[in-house]
Amino acid sequence: MRAVVLVGGIGTRLRPLTYSVPKPMLPVGHVSIIERLITNLVGGGVTDVTLALGFKPEPFIEAFPDGTCAGAQLRYAVEPEPLDTAGAIRFAAEAVGIDDTFVVANGDVLTDLDISALVDFHRSHGAEATLHLIAVDDPSAFGVVAIDDDGRVRRFVEKPAAGTEPSNLINAGTYVLEASVLGRIPTGRKVSIERSTFPAIVAEGLAYAYATDDYWIDTGMPDLYLAANLDLVSGRRSGQSCVGVHPAASVHPTALVERSVVAAGTCVANDARVVDSVLLAGATIGAGSCLSRSVVMGRIGAGATVHDSVIGADGAVADGEHIAHQRRPDPARP
Ligand code: GDD
Ligand code: MG
C-alpha cells in the first residue's frame, strides 16, 4: 500500500518553533513527528510513502539520507507553490504515479489507528474516500463530520462556527482514497480537500467514515505539541513511552527535571528547575532558572522564570526576567 503524507504547511500556529524546523520534523519524545507517523503507517501495511513537500523541504530530505523511514521507501514531491491539501495530494500522487487505492495522512497527527482496519473498512463499504474520525469535546477547530449508522458521511464541514457543529466527530486526518479522487481535483491552483473535494464526494454518497477511540493528537499547536511530548514521558500513552532526559543532554546534577522531555544537545545549568516542559536541541537553561509548561529552543538566563511560553531558536529570556504566556521571537511582530 502506498501513502501520501502532507508535510508542506508552514506551521503558523507553532511559530516561533517552525521558523527553524518544519512542524513534522519537530521531535516528540526524541523522535520526529514524521518518523512516528510513518512508523504507524508501516505497522498498518504501508510500504511506500511520498512526502508532499513545500515549505522547507531540505530538512526532510537530509533526515532520511538512505531514502527510507521506519522501513518504508520514501519519495519526495516538492510543490513549486503551496497547492493546499487536495492540490498537494494530486501533485504528489501524480509525481510518483499512484493509480490505485492509497492512504493519505496529515503530517502533524500522531495516532495509534490501525491503518489496515481503515483500509478493510473502506473496501468493505465500496467507498471512494474513507476518513478516520475521533470524538472530541470541542469540534469547531476541526473538520466536523456527521455520519449515518452504516458509516456513510452525511455532512463534512471544515471548522464550523462554535455551536453550529453537526456532531462531535472530527476528521482525524487519515484517509483511504481511490485513485479516482485525483481526477476530481483541479490542477494548477490551490484546492482544499476539506472544503471542496470531500463535500463533493459526500454529496454523491461515496464518502464513508470510521470512528475509533485510539490515541490521537494534532501536534500543530503549542499546548498540543507539549501534550504529545508529556503523554510519552508520563506514561499516559499506552504501549509507548520515552526517557525524559536524553543521554546526550547535559544536565547539571543539582538541576531538577520533572515530567519533561530534554533533548540531546541541550544544556541545563546548576539549580535550574524544569517542570512539564520540552527542551529542544540548542536550548540553554541558566543557573537557578525555573521553567514550567514551556517549549524552549533558545536561551533562558540565570534566575529567570518562564511559564506557559514558547522560546524559539532565536528567542531569549534575560537573566532574572520573569515571563508567562509569551512567544519569543513574537510571531505577531513583523
Ligand atoms: N504539501 C502541502 N501543501 N501540505 C500542506 C499544504 C500545502 O499547501 N497546506 C497544508 N498542508 C499540510 C500541513 O503541513 C499539515 O500536515 C496538513 O496539511 C493539514 O494542515 P493543517 O494546517 O495542520 O490543518 P488543520 O490542523 O488546521 O486541519 C486539518 O487537520 C484536522 C485534524 O488534525 C484538517 O484536515 C481538518 O479537517 C482536521 O480535522
Ligand atoms: Mg493540523
# chains A, B, ... in the order shown; residues from 1 in each chain; ligands from 1
>>> select_by_dssp(residues="stretch 52-170 of chain A", states="alpha helix (DSSP H)", output="count of residues only")
28
>>> residues_around(residues="A:Val49", least_positions_apart="2", cutoff="10 Å", atoms="only C-alpha atoms", output="PyMOL selection string")
chain A and resi 1-5+38+41-42+46-47+51-52+68-69+72-76+96+102-104
>>> closest_residue(among="A:Ile217, A:Val181, A:Ile300, A:Leu83", to="ligand 2", atoms="only C-alpha atoms and all ligand atoms")
A:Ile217
>>> residues_near_ligand(ligand="ligand 1", cutoff="7 Å", atoms="only C-alpha atoms and all ligand atoms", output="ChimeraX atom specification")
/A:6-11,52-54,79,82-85,88,106-109,142-144,158,170-173,194,218,220
>>> closest_atom_pairs(of="stretch 213-247 of chain A", to="stretch 252-260 of chain A", cutoff="8 Å", atoms="only C-alpha atoms", output="JSON lines")
{"residue": "A:Asn229", "atom": "CA", "partner": "A:Ser260", "partner_atom": "CA", "distance": 7.9}
{"residue": "A:Leu230", "atom": "CA", "partner": "A:Ser260", "partner_atom": "CA", "distance": 6.5}
{"residue": "A:Val233", "atom": "CA", "partner": "A:Arg259", "partner_atom": "CA", "distance": 6.4}
{"residue": "A:Ser234", "atom": "CA", "partner": "A:Arg259", "partner_atom": "CA", "distance": 6.4}
{"residue": "A:Gly244", "atom": "CA", "partner": "A:Ser260", "partner_atom": "CA", "distance": 5.6}
{"residue": "A:Val245", "atom": "CA", "partner": "A:Ser260", "partner_atom": "CA", "distance": 7.6}
>>> atom_distance(atom1="atom CA of A:Leu279", atom2="atom CA of A:Val136")
28.5 Å
>>> closest_residue(among="A:Asp314, A:Asp66, A:Asp213, A:Asp319", to="A:Leu113", atoms="only C-alpha atoms")
A:Asp213
>>> residues_around(residues="stretch 122-128 of chain A", least_positions_apart="5", cutoff="6 Å", atoms="only C-alpha atoms", output="PyMOL selection string")
chain A and resi 177-178+206-207
>>> closest_residue(among="A:Thr266, A:Ser241, A:Asn40, A:Thr174", to="ligand 2", atoms="only C-alpha atoms and all ligand atoms")
A:Thr174
>>> atom_distance(atom1="atom CA of A:Ala283", atom2="atom CA of A:Cys267")
6.4 Å
>>> residues_around(residues="A:Gly163", least_positions_apart="4", cutoff="10 Å", atoms="only C-alpha atoms", output="list in words")
Asp138, Pro139 and Ser140 of chain A
